[in-house]
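Structure file query36.cif with mmCIF, C-alpha atoms:
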```cif
data_data
#
loop_
_atom_site.label_atom_id
_atom_site.label_comp_id
_atom_site.auth_asym_id
_atom_site.auth_seq_id
_atom_site.Cartn_x
_atom_site.Cartn_y
_atom_site.Cartn_z
CA MET W 105 25.41 13.10 -9.25
CA THR W 106 25.12 12.17 -12.89
CA ARG W 107 22.40 13.56 -15.06
CA ARG W 108 20.61 10.99 -17.17
CA VAL W 109 18.75 11.11 -20.42
CA LEU W 110 15.12 10.27 -19.80
CA ARG W 111 13.13 9.01 -22.77
CA PHE W 112 9.42 8.48 -22.24
CA THR W 113 6.04 9.25 -23.74
CA VAL W 114 3.83 12.02 -22.44
CA ASN W 115 0.28 12.28 -23.77
CA GLY W 116 1.29 10.27 -26.82
CA GLN W 117 4.33 12.43 -27.63
CA PRO W 118 7.84 10.98 -27.29
CA GLN W 119 9.96 13.13 -24.99
CA GLU W 120 13.67 13.27 -24.24
CA VAL W 121 15.01 15.29 -21.34
CA LEU W 122 18.26 15.48 -19.39
CA VAL W 123 17.42 15.19 -15.70
CA GLU W 124 18.97 14.78 -12.31
CA PRO W 125 17.88 11.41 -10.86
CA ARG W 126 16.49 13.18 -7.80
CA ARG W 127 14.05 15.21 -9.91
CA THR W 128 10.54 13.96 -9.26
CA LEU W 129 8.26 13.15 -12.18
CA VAL W 130 5.98 16.06 -11.32
CA ASP W 131 8.93 18.47 -11.57
CA VAL W 132 10.01 16.95 -14.88
CA LEU W 133 6.49 17.48 -16.23
CA ARG W 134 6.11 21.01 -14.92
CA GLU W 135 9.64 22.42 -15.10
CA ASP W 136 11.24 20.58 -18.02
CA LEU W 137 8.20 19.99 -20.22
CA SER W 138 6.17 23.07 -19.14
CA LEU W 139 3.10 20.90 -18.58
CA THR W 140 1.79 22.88 -15.63
CA GLY W 141 -1.67 21.31 -15.64
CA THR W 142 -0.41 18.77 -13.12
CA HIS W 143 -0.35 20.59 -9.81
CA VAL W 144 2.12 19.98 -7.02
CA GLY W 145 0.87 20.37 -3.49
CA CYS W 146 2.40 18.53 -0.55
CA GLU W 147 5.33 16.89 -2.38
CA HIS W 148 5.17 13.84 -0.13
CA GLY W 149 2.23 11.83 -1.35
CA VAL W 150 -0.54 13.05 0.90
CA CYS W 151 -2.68 15.44 -1.16
CA GLY W 152 -3.16 13.77 -4.55
CA ALA W 153 -2.91 17.04 -6.52
CA CYS W 154 -0.12 15.62 -8.71
CA THR W 155 -1.97 12.44 -9.77
CA VAL W 156 -1.11 11.33 -13.32
CA LEU W 157 -1.47 8.04 -15.18
CA LEU W 158 1.64 5.85 -15.56
CA ASP W 159 0.99 3.15 -18.14
CA GLY W 160 -2.69 3.73 -17.37
CA ASP W 161 -2.52 3.49 -13.58
CA ALA W 162 -3.19 6.50 -11.37
CA VAL W 163 -0.01 7.36 -9.44
CA ARG W 164 1.42 10.22 -7.39
CA ALA W 165 3.86 12.06 -9.66
CA CYS W 166 5.64 13.47 -6.58
CA LEU W 167 6.46 9.93 -5.37
CA LEU W 168 8.14 8.85 -8.58
CA LEU W 169 11.51 9.93 -9.78
CA GLY W 170 11.38 11.18 -13.33
CA VAL W 171 14.02 8.61 -14.34
CA GLN W 172 11.66 5.85 -13.25
CA ALA W 173 9.35 6.75 -16.14
CA GLU W 174 12.03 5.65 -18.65
CA GLY W 175 10.29 3.91 -21.54
CA LEU W 176 6.84 4.32 -19.99
CA GLU W 177 3.73 6.22 -20.98
CA VAL W 178 2.56 9.14 -18.85
CA THR W 179 -0.84 10.79 -19.25
CA THR W 180 -1.45 14.19 -17.68
CA ILE W 181 -4.53 16.38 -17.61
CA GLU W 182 -3.30 17.99 -20.84
CA GLY W 183 -3.82 14.60 -22.47
CA VAL W 184 -7.44 14.31 -21.36
CA GLY W 185 -10.08 15.66 -23.73
CA ALA W 186 -9.25 18.26 -26.38
CA ASP W 187 -9.98 21.91 -27.12
CA GLY W 188 -13.69 22.14 -27.82
CA ALA W 189 -14.19 18.45 -27.00
CA PRO W 190 -13.79 17.99 -23.25
CA HIS W 191 -13.74 14.56 -21.65
CA PRO W 192 -17.14 13.56 -20.18
CA LEU W 193 -15.61 13.97 -16.72
CA GLN W 194 -14.57 17.53 -17.52
CA GLU W 195 -18.08 18.33 -18.75
CA ALA W 196 -19.63 16.73 -15.69
CA PHE W 197 -17.29 18.65 -13.36
CA ARG W 198 -18.35 21.89 -15.06
CA ASP W 199 -22.04 20.98 -14.88
CA SER W 200 -21.82 19.89 -11.24
CA HIS W 201 -19.68 22.83 -10.07
CA SER W 202 -17.12 20.26 -8.91
CA PHE W 203 -14.43 22.83 -8.18
CA GLN W 204 -13.95 26.26 -6.73
CA CYS W 205 -10.28 27.32 -6.75
CA GLY W 206 -9.39 24.46 -9.09
CA PHE W 207 -6.08 23.52 -7.50
CA CYS W 208 -7.10 19.93 -6.77
CA THR W 209 -9.12 19.49 -9.97
CA PRO W 210 -6.48 17.94 -12.28
CA GLY W 211 -5.63 15.36 -9.60
CA PHE W 212 -9.27 14.49 -9.03
CA LEU W 213 -9.86 14.22 -12.78
CA MET W 214 -6.91 11.88 -13.33
CA THR W 215 -7.99 9.69 -10.39
CA ALA W 216 -11.51 9.62 -11.83
CA VAL W 217 -10.33 8.91 -15.39
CA ALA W 218 -8.61 5.75 -14.19
CA LEU W 219 -11.55 4.85 -11.96
CA LEU W 220 -14.23 5.15 -14.65
CA ARG W 221 -12.11 3.35 -17.21
CA ASP W 222 -12.14 0.33 -14.89
CA GLY W 223 -15.91 0.70 -14.33
CA ALA W 224 -17.49 3.09 -11.84
CA PRO W 225 -18.22 1.75 -8.36
CA ALA W 226 -21.91 1.03 -7.95
CA GLY W 227 -22.24 2.57 -4.50
CA ASP W 228 -21.35 6.05 -3.30
CA ALA W 229 -19.44 4.64 -0.33
CA GLU W 230 -17.00 2.85 -2.62
CA LEU W 231 -16.81 5.85 -4.95
CA ARG W 232 -15.92 8.08 -2.01
CA GLU W 233 -13.34 5.55 -0.84
CA GLU W 234 -11.71 5.54 -4.28
CA LEU W 235 -11.61 9.36 -4.35
CA SER W 236 -10.40 9.68 -0.76
CA GLY W 237 -6.74 9.96 -1.76
CA ASN W 238 -7.34 13.43 -3.20
CA ILE W 239 -7.73 16.43 -0.92
CA CYS W 240 -9.92 19.44 -1.73
CA ARG W 241 -9.97 22.44 0.61
CA CYS W 242 -12.89 24.31 -1.01
CA SER W 243 -15.74 22.14 -2.12
CA GLY W 244 -16.66 19.92 0.81
CA TYR W 245 -16.41 17.05 -1.72
CA GLN W 246 -20.17 16.67 -2.32
CA SER W 247 -20.03 18.35 -5.71
CA ILE W 248 -16.95 16.35 -6.72
CA VAL W 249 -18.63 13.04 -5.95
CA ALA W 250 -21.71 14.30 -7.80
CA GLY W 251 -19.57 15.23 -10.81
CA VAL W 252 -17.90 11.84 -11.03
CA ARG W 253 -21.26 10.11 -10.62
CA LEU W 254 -22.81 12.28 -13.36
CA ALA W 255 -19.95 11.46 -15.72
CA ALA W 256 -20.23 7.76 -14.93
CA ASP W 257 -23.97 7.82 -15.63
CA ARG W 258 -23.50 9.71 -18.89
CA MET W 259 -20.70 7.42 -20.04
CA ALA W 260 -22.91 4.42 -19.25
CA GLY W 261 -25.56 6.02 -21.46
CA SER W 262 -28.21 6.35 -18.77
CA MET A 5 11.30 19.98 -0.19
CA LYS A 6 13.21 18.11 -2.88
CA PRO A 7 15.21 14.91 -2.42
CA PRO A 8 18.94 15.31 -1.70
CA PRO A 9 21.36 14.23 -4.44
CA PHE A 10 22.20 10.55 -4.93
CA GLU A 11 23.56 8.23 -7.59
CA TYR A 12 20.80 6.25 -9.27
CA TYR A 13 20.97 2.73 -10.70
CA ALA A 14 18.13 0.99 -12.53
CA ALA A 15 18.84 -2.70 -11.92
CA ASP A 16 17.48 -4.97 -14.66
CA SER A 17 17.54 -8.05 -12.45
CA ALA A 18 17.69 -9.07 -8.81
CA GLN A 19 21.24 -10.26 -9.49
CA GLU A 20 22.30 -6.82 -10.67
CA ALA A 21 20.66 -5.22 -7.63
CA VAL A 22 22.50 -7.65 -5.33
CA SER A 23 25.84 -6.76 -6.99
CA LEU A 24 25.15 -3.07 -6.46
CA LEU A 25 24.20 -3.66 -2.84
CA ALA A 26 27.37 -5.71 -2.36
CA GLU A 27 29.35 -2.71 -3.57
CA TYR A 28 27.50 0.10 -1.79
CA GLY A 29 25.74 -1.74 1.12
CA PRO A 30 25.27 0.67 4.00
CA ASP A 31 25.31 3.75 1.75
CA ALA A 32 22.62 2.38 -0.56
CA LYS A 33 18.85 2.14 -0.39
CA VAL A 34 16.63 -0.11 -2.48
CA LEU A 35 13.87 1.73 -4.33
CA ALA A 36 10.79 -0.44 -4.90
CA GLY A 37 7.38 1.26 -4.94
CA GLY A 38 8.86 4.36 -3.34
CA GLN A 39 5.69 5.23 -1.45
CA SER A 40 7.58 5.39 1.86
CA LEU A 41 11.14 6.02 0.67
CA VAL A 42 10.44 8.95 -1.66
CA PRO A 43 8.56 10.94 1.04
CA LEU A 44 11.51 10.26 3.38
CA LEU A 45 13.85 11.58 0.69
CA ALA A 46 11.64 14.61 0.06
CA LEU A 47 11.57 15.37 3.78
CA ARG A 48 15.35 14.72 3.86
CA MET A 49 14.93 12.23 6.67
CA SER A 50 16.80 9.71 4.50
CA ARG A 51 19.97 10.65 2.62
CA PRO A 52 21.33 7.58 0.81
CA GLU A 53 24.33 8.08 -1.46
CA HIS A 54 23.15 5.38 -3.85
CA LEU A 55 19.64 4.43 -4.87
CA VAL A 56 19.12 0.98 -6.41
CA ASP A 57 15.83 0.91 -8.33
CA VAL A 58 14.54 -2.67 -8.65
CA ASN A 59 11.33 -1.86 -10.56
CA ARG A 60 12.74 -3.30 -13.79
CA ALA A 61 13.62 -6.67 -12.27
CA ALA A 62 10.69 -8.57 -13.77
CA GLU A 63 11.42 -11.78 -11.83
CA LEU A 64 10.47 -9.94 -8.62
CA GLU A 65 6.90 -9.47 -9.86
CA GLN A 66 5.95 -13.14 -10.00
CA GLN A 67 3.24 -14.72 -7.87
CA ARG A 68 2.67 -18.41 -7.24
CA SER A 69 0.22 -20.39 -5.15
CA ASP A 70 0.95 -24.08 -4.54
CA ALA A 71 0.98 -26.75 -1.85
CA ASP A 72 3.67 -24.84 0.04
CA GLY A 73 1.52 -21.72 0.25
CA LEU A 74 1.44 -18.33 -1.42
CA HIS A 75 4.67 -16.86 -2.79
CA LEU A 76 4.60 -13.21 -3.75
CA GLY A 77 7.52 -11.64 -5.56
CA ALA A 78 8.81 -8.62 -3.65
CA LEU A 79 7.53 -6.24 -6.35
CA THR A 80 3.92 -7.42 -6.09
CA ARG A 81 1.96 -4.15 -5.94
CA HIS A 82 -0.63 -3.74 -3.20
CA ARG A 83 -3.29 -3.13 -5.87
CA VAL A 84 -2.58 -6.61 -7.25
CA THR A 85 -2.72 -8.17 -3.78
CA GLU A 86 -6.01 -6.36 -3.22
CA ARG A 87 -7.66 -7.27 -6.53
CA SER A 88 -6.19 -10.57 -7.75
CA ALA A 89 -8.81 -13.31 -7.47
CA GLY A 90 -6.04 -15.90 -7.15
CA ILE A 91 -4.40 -14.14 -4.21
CA ARG A 92 -7.77 -13.57 -2.55
CA ALA A 93 -8.61 -17.26 -2.87
CA ALA A 94 -5.20 -18.29 -1.53
CA ASN A 95 -5.13 -15.82 1.35
CA PRO A 96 -8.23 -13.68 1.98
CA LEU A 97 -6.68 -12.00 5.05
CA LEU A 98 -3.86 -10.62 2.92
CA SER A 99 -6.25 -9.19 0.30
CA GLU A 100 -8.40 -7.58 2.96
CA ALA A 101 -5.35 -5.98 4.59
CA ALA A 102 -4.00 -4.70 1.25
CA ARG A 103 -7.23 -2.76 0.67
CA LEU A 104 -6.50 -0.74 3.82
CA ILE A 105 -3.10 0.51 2.61
CA GLY A 106 -3.13 4.20 1.70
CA HIS A 107 -5.17 5.09 -1.37
CA ALA A 108 -5.63 3.60 -4.83
CA ALA A 109 -2.74 5.62 -6.31
CA ILE A 110 -0.47 4.54 -3.44
CA ARG A 111 -1.48 0.89 -3.87
CA ASN A 112 -0.74 1.08 -7.60
CA ARG A 113 2.93 1.60 -6.75
CA GLY A 114 3.53 0.31 -3.22
CA THR A 115 4.94 -3.23 -3.00
CA ILE A 116 4.77 -6.02 -0.46
CA GLY A 117 8.57 -6.33 -0.32
CA GLY A 118 8.94 -2.60 0.25
CA SER A 119 6.35 -2.56 3.00
CA ILE A 120 7.97 -5.51 4.76
CA ALA A 121 11.46 -4.00 4.44
CA HIS A 122 10.28 -0.60 5.68
CA ALA A 123 8.78 -2.32 8.76
CA ASP A 124 6.50 0.45 9.94
CA PRO A 125 4.88 -0.95 13.11
CA ALA A 126 1.49 0.42 12.01
CA ALA A 127 1.68 -1.13 8.52
CA GLU A 128 -0.65 -3.91 7.42
CA MET A 129 1.65 -6.28 5.50
CA PRO A 130 4.14 -6.92 8.34
CA THR A 131 1.19 -7.56 10.66
CA VAL A 132 -0.32 -10.17 8.33
CA LEU A 133 3.08 -11.80 7.76
CA LEU A 134 3.54 -12.09 11.52
CA ALA A 135 -0.02 -13.33 12.14
CA LEU A 136 0.36 -16.14 9.60
CA ASP A 137 3.96 -17.09 10.46
CA GLY A 138 5.17 -16.19 6.99
CA ALA A 139 8.75 -15.78 5.89
CA VAL A 140 10.92 -13.38 3.93
CA GLU A 141 13.26 -14.59 1.18
CA ALA A 142 16.40 -12.48 1.08
CA VAL A 143 19.32 -12.67 -1.34
CA SER A 144 22.84 -11.33 -1.08
CA ARG A 145 26.16 -12.21 -2.70
CA HIS A 146 26.46 -14.88 0.02
CA GLY A 147 23.31 -16.66 -1.13
CA THR A 148 19.63 -16.93 -0.34
CA ARG A 149 18.05 -17.29 3.07
CA GLN A 150 14.55 -17.55 4.48
CA ILE A 151 13.88 -15.36 7.49
CA PRO A 152 10.78 -16.27 9.52
CA ALA A 153 8.52 -13.32 10.33
CA SER A 154 8.98 -13.98 14.05
CA GLY A 155 12.69 -13.13 13.70
CA PHE A 156 12.47 -10.47 11.01
CA PHE A 157 10.97 -7.37 12.62
CA GLU A 158 13.38 -6.08 15.25
CA SER A 159 12.26 -2.58 16.12
CA TYR A 160 10.73 0.56 14.67
CA LEU A 161 11.70 0.58 10.94
CA THR A 162 14.42 -1.98 11.75
CA THR A 163 14.63 -5.53 10.44
CA ALA A 164 17.00 -8.48 10.37
CA LEU A 165 17.96 -7.62 6.76
CA GLU A 166 21.65 -6.97 6.23
CA PRO A 167 22.61 -3.83 4.27
CA ASP A 168 23.65 -5.96 1.28
CA GLU A 169 20.49 -8.11 1.27
CA LEU A 170 17.55 -7.73 -1.08
CA ILE A 171 14.07 -9.09 -0.36
CA THR A 172 13.10 -11.16 -3.41
CA ALA A 173 9.86 -12.75 -2.20
CA VAL A 174 7.46 -13.07 0.69
CA HIS A 175 6.00 -16.48 1.60
CA PHE A 176 2.75 -17.27 3.37
CA PRO A 177 2.05 -20.82 4.55
CA PRO A 178 -0.95 -22.63 3.04
CA TRP A 179 -4.27 -21.17 4.17
CA ALA A 180 -5.79 -23.45 6.79
CA PRO A 181 -9.08 -24.75 5.34
CA GLY A 182 -12.10 -23.75 7.39
CA SER A 183 -10.46 -20.58 8.71
CA GLY A 184 -12.29 -17.29 9.17
CA TRP A 185 -10.33 -14.04 9.00
CA SER A 186 -10.44 -10.31 9.59
CA PHE A 187 -8.16 -7.33 9.31
CA THR A 188 -9.78 -4.60 11.38
CA GLU A 189 -8.20 -1.22 11.96
CA PHE A 190 -9.13 2.27 13.02
CA SER A 191 -7.69 5.38 11.44
CA ARG A 192 -8.92 8.93 11.74
CA ARG A 193 -9.02 9.51 7.99
CA SER A 194 -9.46 7.07 5.14
CA GLY A 195 -6.06 5.87 3.95
CA ASP A 196 -4.10 6.94 7.01
CA PHE A 197 -2.05 4.43 8.93
CA GLY A 198 -4.27 2.73 11.50
CA ILE A 199 -3.83 3.94 15.07
CA ILE A 200 -4.38 0.29 16.03
CA GLY A 201 -4.96 -2.61 13.63
CA VAL A 202 -5.73 -6.27 14.28
CA ALA A 203 -5.19 -9.26 12.02
CA ALA A 204 -7.07 -12.34 13.20
CA THR A 205 -7.85 -15.84 11.98
CA LEU A 206 -10.01 -18.44 13.68
CA ARG A 207 -10.63 -22.13 13.10
CA LEU A 208 -13.04 -24.43 14.92
CA GLY A 209 -12.61 -28.09 15.83
CA ASP A 210 -15.09 -30.94 15.51
CA ARG A 211 -16.85 -30.12 18.77
CA GLY A 212 -17.43 -26.52 17.77
CA THR A 213 -14.77 -25.14 20.08
CA ILE A 214 -11.86 -23.00 18.94
CA ALA A 215 -9.03 -25.13 17.55
CA GLU A 216 -6.73 -22.32 16.43
CA ALA A 217 -6.65 -18.54 16.86
CA ARG A 218 -4.14 -16.10 15.48
CA ILE A 219 -4.04 -12.46 16.58
CA ALA A 220 -1.48 -9.84 15.53
CA ILE A 221 -1.68 -6.19 16.50
CA SER A 222 -0.24 -3.22 14.57
CA GLY A 223 0.48 0.22 16.00
CA GLY A 224 0.85 -1.08 19.52
CA ALA A 225 4.62 -1.43 19.91
CA GLU A 226 7.95 -0.99 18.10
CA THR A 227 6.89 -3.75 15.73
CA ALA A 228 3.64 -5.55 15.04
CA VAL A 229 3.14 -8.10 17.84
CA ARG A 230 1.38 -11.43 18.30
CA ALA A 231 -1.01 -11.87 21.23
CA SER A 232 0.40 -15.39 21.75
CA ARG A 233 -0.88 -15.91 25.28
CA THR A 234 -4.41 -14.92 24.28
CA GLU A 235 -4.24 -17.16 21.22
CA LYS A 236 -3.45 -20.14 23.45
CA ALA A 237 -6.13 -19.19 25.99
CA LEU A 238 -8.77 -19.20 23.24
CA ILE A 239 -8.14 -22.83 22.30
CA GLY A 240 -10.97 -25.03 23.56
CA GLN A 241 -13.30 -22.07 24.22
CA PHE A 242 -16.74 -21.87 22.67
CA PRO A 243 -17.13 -19.02 20.20
CA GLY A 244 -19.34 -16.16 21.33
CA ASP A 245 -19.47 -12.53 22.43
CA GLY A 246 -18.20 -13.30 25.92
CA THR A 247 -15.18 -15.08 24.50
CA TRP A 248 -14.33 -12.24 22.09
CA ILE A 249 -14.69 -9.56 24.79
CA ALA A 250 -12.55 -11.54 27.24
CA ALA A 251 -9.88 -12.07 24.58
CA GLY A 252 -9.70 -8.32 23.90
CA CYS A 253 -9.20 -7.57 27.60
CA ASP A 254 -6.76 -10.45 28.02
CA ALA A 255 -4.52 -9.33 25.15
CA LEU A 256 -4.03 -5.90 26.75
CA GLU A 257 -1.99 -7.47 29.52
CA GLY A 258 0.83 -8.22 27.13
CA LEU A 259 0.84 -4.75 25.55
CA ASP A 260 2.58 -1.58 26.64
CA LEU A 261 0.72 0.83 24.41
CA PRO A 262 2.32 4.16 23.55
CA ALA A 263 0.81 7.62 23.86
CA ASP A 264 1.29 10.31 21.20
CA LEU A 265 -0.62 13.14 19.60
CA HIS A 266 -2.97 10.66 17.90
CA GLY A 267 -4.17 9.21 21.17
CA SER A 268 -3.39 8.55 24.82
CA ALA A 269 -2.28 5.14 26.06
CA ALA A 270 -5.72 4.71 27.66
CA TYR A 271 -7.43 5.43 24.35
CA ARG A 272 -5.21 2.91 22.58
CA ARG A 273 -6.04 0.30 25.22
CA HIS A 274 -9.74 0.88 24.63
CA LEU A 275 -9.19 0.70 20.87
CA ALA A 276 -7.05 -2.45 20.97
CA ALA A 277 -9.53 -4.36 23.14
CA ALA A 278 -12.47 -3.26 20.99
CA LEU A 279 -10.73 -4.09 17.70
CA ILE A 280 -9.59 -7.53 18.88
CA GLU A 281 -13.18 -8.27 19.91
CA ARG A 282 -14.49 -7.10 16.53
CA ALA A 283 -11.82 -8.90 14.53
CA LEU A 284 -12.50 -12.22 16.27
CA ARG A 285 -16.27 -11.82 15.88
CA LEU A 286 -15.93 -11.09 12.17
CA ALA A 287 -13.41 -13.92 11.69
CA HIS A 288 -15.90 -16.28 13.34
CA GLU A 289 -18.74 -15.07 11.10
CA ARG A 290 -16.58 -15.77 8.07
CA ILE A 291 -15.77 -19.37 8.93
CA PRO A 292 -17.10 -21.19 5.88
CA ALA A 293 -20.28 -23.18 6.45
CA ARG A 294 -19.61 -26.88 6.73
CA VAL A 295 -20.67 -29.01 3.85
CA PRO A 296 -22.65 -32.03 5.13
CA ALA A 297 -20.75 -35.24 4.52
#
```
As a first step, turn the structure in this file into structure tokens.
Amino acid sequence: MTRRVLRFTVNGQPQEVLVEPRRTLVDVLREDLSLTGTHVGCEHGVCGACTVLLDGDAVRACLLLGVQAEGLEVTTIEGVGADGAPHPLQEAFRDSHSFQCGFCTPGFLMTAVALLRDGAPAGDAELREELSGNICRCSGYQSIVAGVRLAADRMAGS
Amino acid sequence: MKPPPFEYYAADSAQEAVSLLAEYGPDAKVLAGGQSLVPLLALRMSRPEHLVDVNRAAELEQQRSDADGLHLGALTRHRVTERSAGIRAANPLLSEAARLIGHAAIRNRGTIGGSIAHADPAAEMPTVLLALDGAVEAVSRHGTRQIPASGFFESYLTTALEPDELITAVHFPPWAPGSGWSFTEFSRRSGDFGIIGVAATLRLGDRGTIAEARIAISGGAETAVRASRTEKALIGQFPGDGTWIAAGCDALEGLDLPADLHGSAAYRRHLAAALIERALRLAHERIPARVPA
């Protein structure tokens, strides 16, 4: 098994790492680049904890090989908001108590970042459908839906 | 778990992928969206020696709608099939089915070619392909061939594809004007595979009776299956609740539904009959209103 040089962009920074092809993107982010904000839960695409943006689209980082990101742009939770200037979704999650243990939070936030960029669903049913790929074992989901809705309303200026 | 070791090749074109498959055939797997293959690798249920990644073969991403029907390049992502206005106009059943695949993040990566090649009997895309008598375009070093859906799906996760063949496109015949459609499925949780799913289209003749019905069922056998006998029996019938209910019961006769931890055979029979009834009713409601001449 030949290691390969992977060149890609993470949160706007060019990166170059030597990886085994079997290394998943989430392991490249966490183990090779020490970006541990992206959590890894089930490792087979069920829980959504590892959701990141690949060229702007929300994807499961455990279902991509790191080498597949060659030449592409990855955004992780570390690339959302900044110290002292959180993203509106992060503020809304804080204000709505949208997390308890926090394990699922980065995945939910990345899913929601992509969702709100494309325009928030008008109805709660569709919003819940769009968020249904992320599992939370603490909150009962109500506060998460409320947080995304609050952020959407604030971003729309209402 | 982590995937087992393999050699990885990023093919820049379908031609390059075909050459790699010619060399490694049975020991190679094609990596498209990876939403089924990568979990199988992570669970070590699949251990290919060579992985041929086709995601950089741009020619596999093309879509075209013309007089011959809808042609989707094998790398067409489910999210595109779900959201593209052109695909929805050309084949509304396909768009509706794509929406039911996994979750948004899965649909952003998963591809129609991958889903067809994987051939999960509960999956939506094979069921639609079968319902509409579509075809698969496959390429190998020996050339290109079209494989009709009726001869493509052989058994659970098993297709007529040879180890050195690559799916390059999936074809759907022209949408029959005046058709109504529905993809109706039941799953316990949003995004799960349906326990039973039904793809249906319906078209009426001049006298208001059924001129054509298509019914394909997912999750009911080793592959998706057509309810051919029921389709024929519906022709000439008047649309209505009695007809839909009778069709649901009738289709059960041709099905040997399995039992597993998700449901007993009796439960699946109940579900299949109910979903066929619902799918036909909804397809009928969606038949476009006739424009007065």
Per-residue nearest contacts segment 77-180 of chain A to segment 209-232 of chain W, cut-off 12 Å, using all atoms listed in the file, as a Markdown table:
```
| residue | atom | partner | partner_atom | distance |
| --- | --- | --- | --- | --- |
| A:Arg103 | CA | W:Glu230 | CA | 11.7 |
| A:His107 | CA | W:Thr215 | CA | 10.5 |
| A:Ala108 | CA | W:Thr215 | CA | 8.6 |
| A:Ala109 | CA | W:Thr215 | CA | 7.8 |
| A:Ile110 | CA | W:Thr215 | CA | 11.5 |
| A:Asn112 | CA | W:Ala218 | CA | 11.3 |
```
Residue list for chain A near chain W as a PDB file with C-alpha atoms, in the frame of the given file, 10 Å, only C-alpha atoms:
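Written output follows (iface-v2.pdb):
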```pdb
ATOM      1  CA  MET A   5      11.300  19.980  -0.190  1.00  0.00           C
ATOM      2  CA  LYS A   6      13.210  18.110  -2.880  1.00  0.00           C
ATOM      3  CA  PRO A   7      15.210  14.910  -2.420  1.00  0.00           C
ATOM      4  CA  PRO A   8      18.940  15.310  -1.700  1.00  0.00           C
ATOM      5  CA  PRO A   9      21.360  14.230  -4.440  1.00  0.00           C
ATOM      6  CA  PHE A  10      22.200  10.550  -4.930  1.00  0.00           C
ATOM      7  CA  GLU A  11      23.560   8.230  -7.590  1.00  0.00           C
ATOM      8  CA  TYR A  12      20.800   6.250  -9.270  1.00  0.00           C
ATOM      9  CA  TYR A  13      20.970   2.730 -10.700  1.00  0.00           C
ATOM     10  CA  ALA A  14      18.130   0.990 -12.530  1.00  0.00           C
ATOM     11  CA  GLY A  37       7.380   1.260  -4.940  1.00  0.00           C
ATOM     12  CA  GLY A  38       8.860   4.360  -3.340  1.00  0.00           C
ATOM     13  CA  GLN A  39       5.690   5.230  -1.450  1.00  0.00           C
ATOM     14  CA  SER A  40       7.580   5.390   1.860  1.00  0.00           C
ATOM     15  CA  LEU A  41      11.140   6.020   0.670  1.00  0.00           C
ATOM     16  CA  VAL A  42      10.440   8.950  -1.660  1.00  0.00           C
ATOM     17  CA  PRO A  43       8.560  10.940   1.040  1.00  0.00           C
ATOM     18  CA  LEU A  44      11.510  10.260   3.380  1.00  0.00           C
ATOM     19  CA  LEU A  45      13.850  11.580   0.690  1.00  0.00           C
ATOM     20  CA  ALA A  46      11.640  14.610   0.060  1.00  0.00           C
ATOM     21  CA  LEU A  47      11.570  15.370   3.780  1.00  0.00           C
ATOM     22  CA  GLU A  53      24.330   8.080  -1.460  1.00  0.00           C
ATOM     23  CA  HIS A  54      23.150   5.380  -3.850  1.00  0.00           C
ATOM     24  CA  LEU A  55      19.640   4.430  -4.870  1.00  0.00           C
ATOM     25  CA  ASP A  57      15.830   0.910  -8.330  1.00  0.00           C
ATOM     26  CA  ASN A  59      11.330  -1.860 -10.560  1.00  0.00           C
ATOM     27  CA  ARG A  60      12.740  -3.300 -13.790  1.00  0.00           C
ATOM     28  CA  GLY A 106      -3.130   4.200   1.700  1.00  0.00           C
ATOM     29  CA  HIS A 107      -5.170   5.090  -1.370  1.00  0.00           C
ATOM     30  CA  ALA A 108      -5.630   3.600  -4.830  1.00  0.00           C
ATOM     31  CA  ALA A 109      -2.740   5.620  -6.310  1.00  0.00           C
ATOM     32  CA  ILE A 110      -0.470   4.540  -3.440  1.00  0.00           C
ATOM     33  CA  ARG A 111      -1.480   0.890  -3.870  1.00  0.00           C
ATOM     34  CA  ASN A 112      -0.740   1.080  -7.600  1.00  0.00           C
ATOM     35  CA  ARG A 113       2.930   1.600  -6.750  1.00  0.00           C
ATOM     36  CA  ARG A 193      -9.020   9.510   7.990  1.00  0.00           C
ATOM     37  CA  SER A 194      -9.460   7.070   5.140  1.00  0.00           C
ATOM     38  CA  GLY A 195      -6.060   5.870   3.950  1.00  0.00           C
ATOM     39  CA  ASP A 196      -4.100   6.940   7.010  1.00  0.00           C
TER      40      ASP A 196
END
```
Could you state which residues are captured by the PyMOL selection byres ((chain A and resi 276) around 9) in this file, as a list in words?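 Selected by the PyMOL selection byres ((chain A and resi 276) around 9) here: Ile200, Gly201, Val202, Ile221, Gly224, Gly252, Cys253, Ala255, Leu256, Tyr271, Arg272, Arg273, His274, Leu275, Ala277, Ala278, Leu279, Ile280 and Glu281 of chain A.
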Once the PyMOL selection byres ((chain W and resi 205) around 10) has been evaluated on this model, what residues remain selected, and can you format them as a PyMOL selection string? chain W and resi 203-204+206-209+240-243
Residues selected by the PyMOL selection byres ((chain A and resi 74) around 6), written as a compact mmCIF listing (two decimals) with C-alpha atoms, keeping the file's coordinate frame:
```
# COMPACT_ATOMS: atom_id res chain seq x y z
CA ARG A 68 2.67 -18.41 -7.24
CA SER A 69 0.22 -20.39 -5.15
CA GLY A 73 1.52 -21.72 0.25
CA HIS A 75 4.67 -16.86 -2.79
CA HIS A 175 6.00 -16.48 1.60
CA PHE A 176 2.75 -17.27 3.37
```
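The two atoms in question, atom CA of Gly212 of chain A and atom CA of Leu134 of chain A, are spaced 26.2 Å apart.
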Shell of 10 Å around Thr163 of chain A, only C-alpha atoms, local chain residues under 6 positions omitted, as a list in words: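 My reading of the contact set: Ile120, Ala121, His122, Ala123, Ala153, Gly155, Phe156, Phe157 and Thr227 of chain A.
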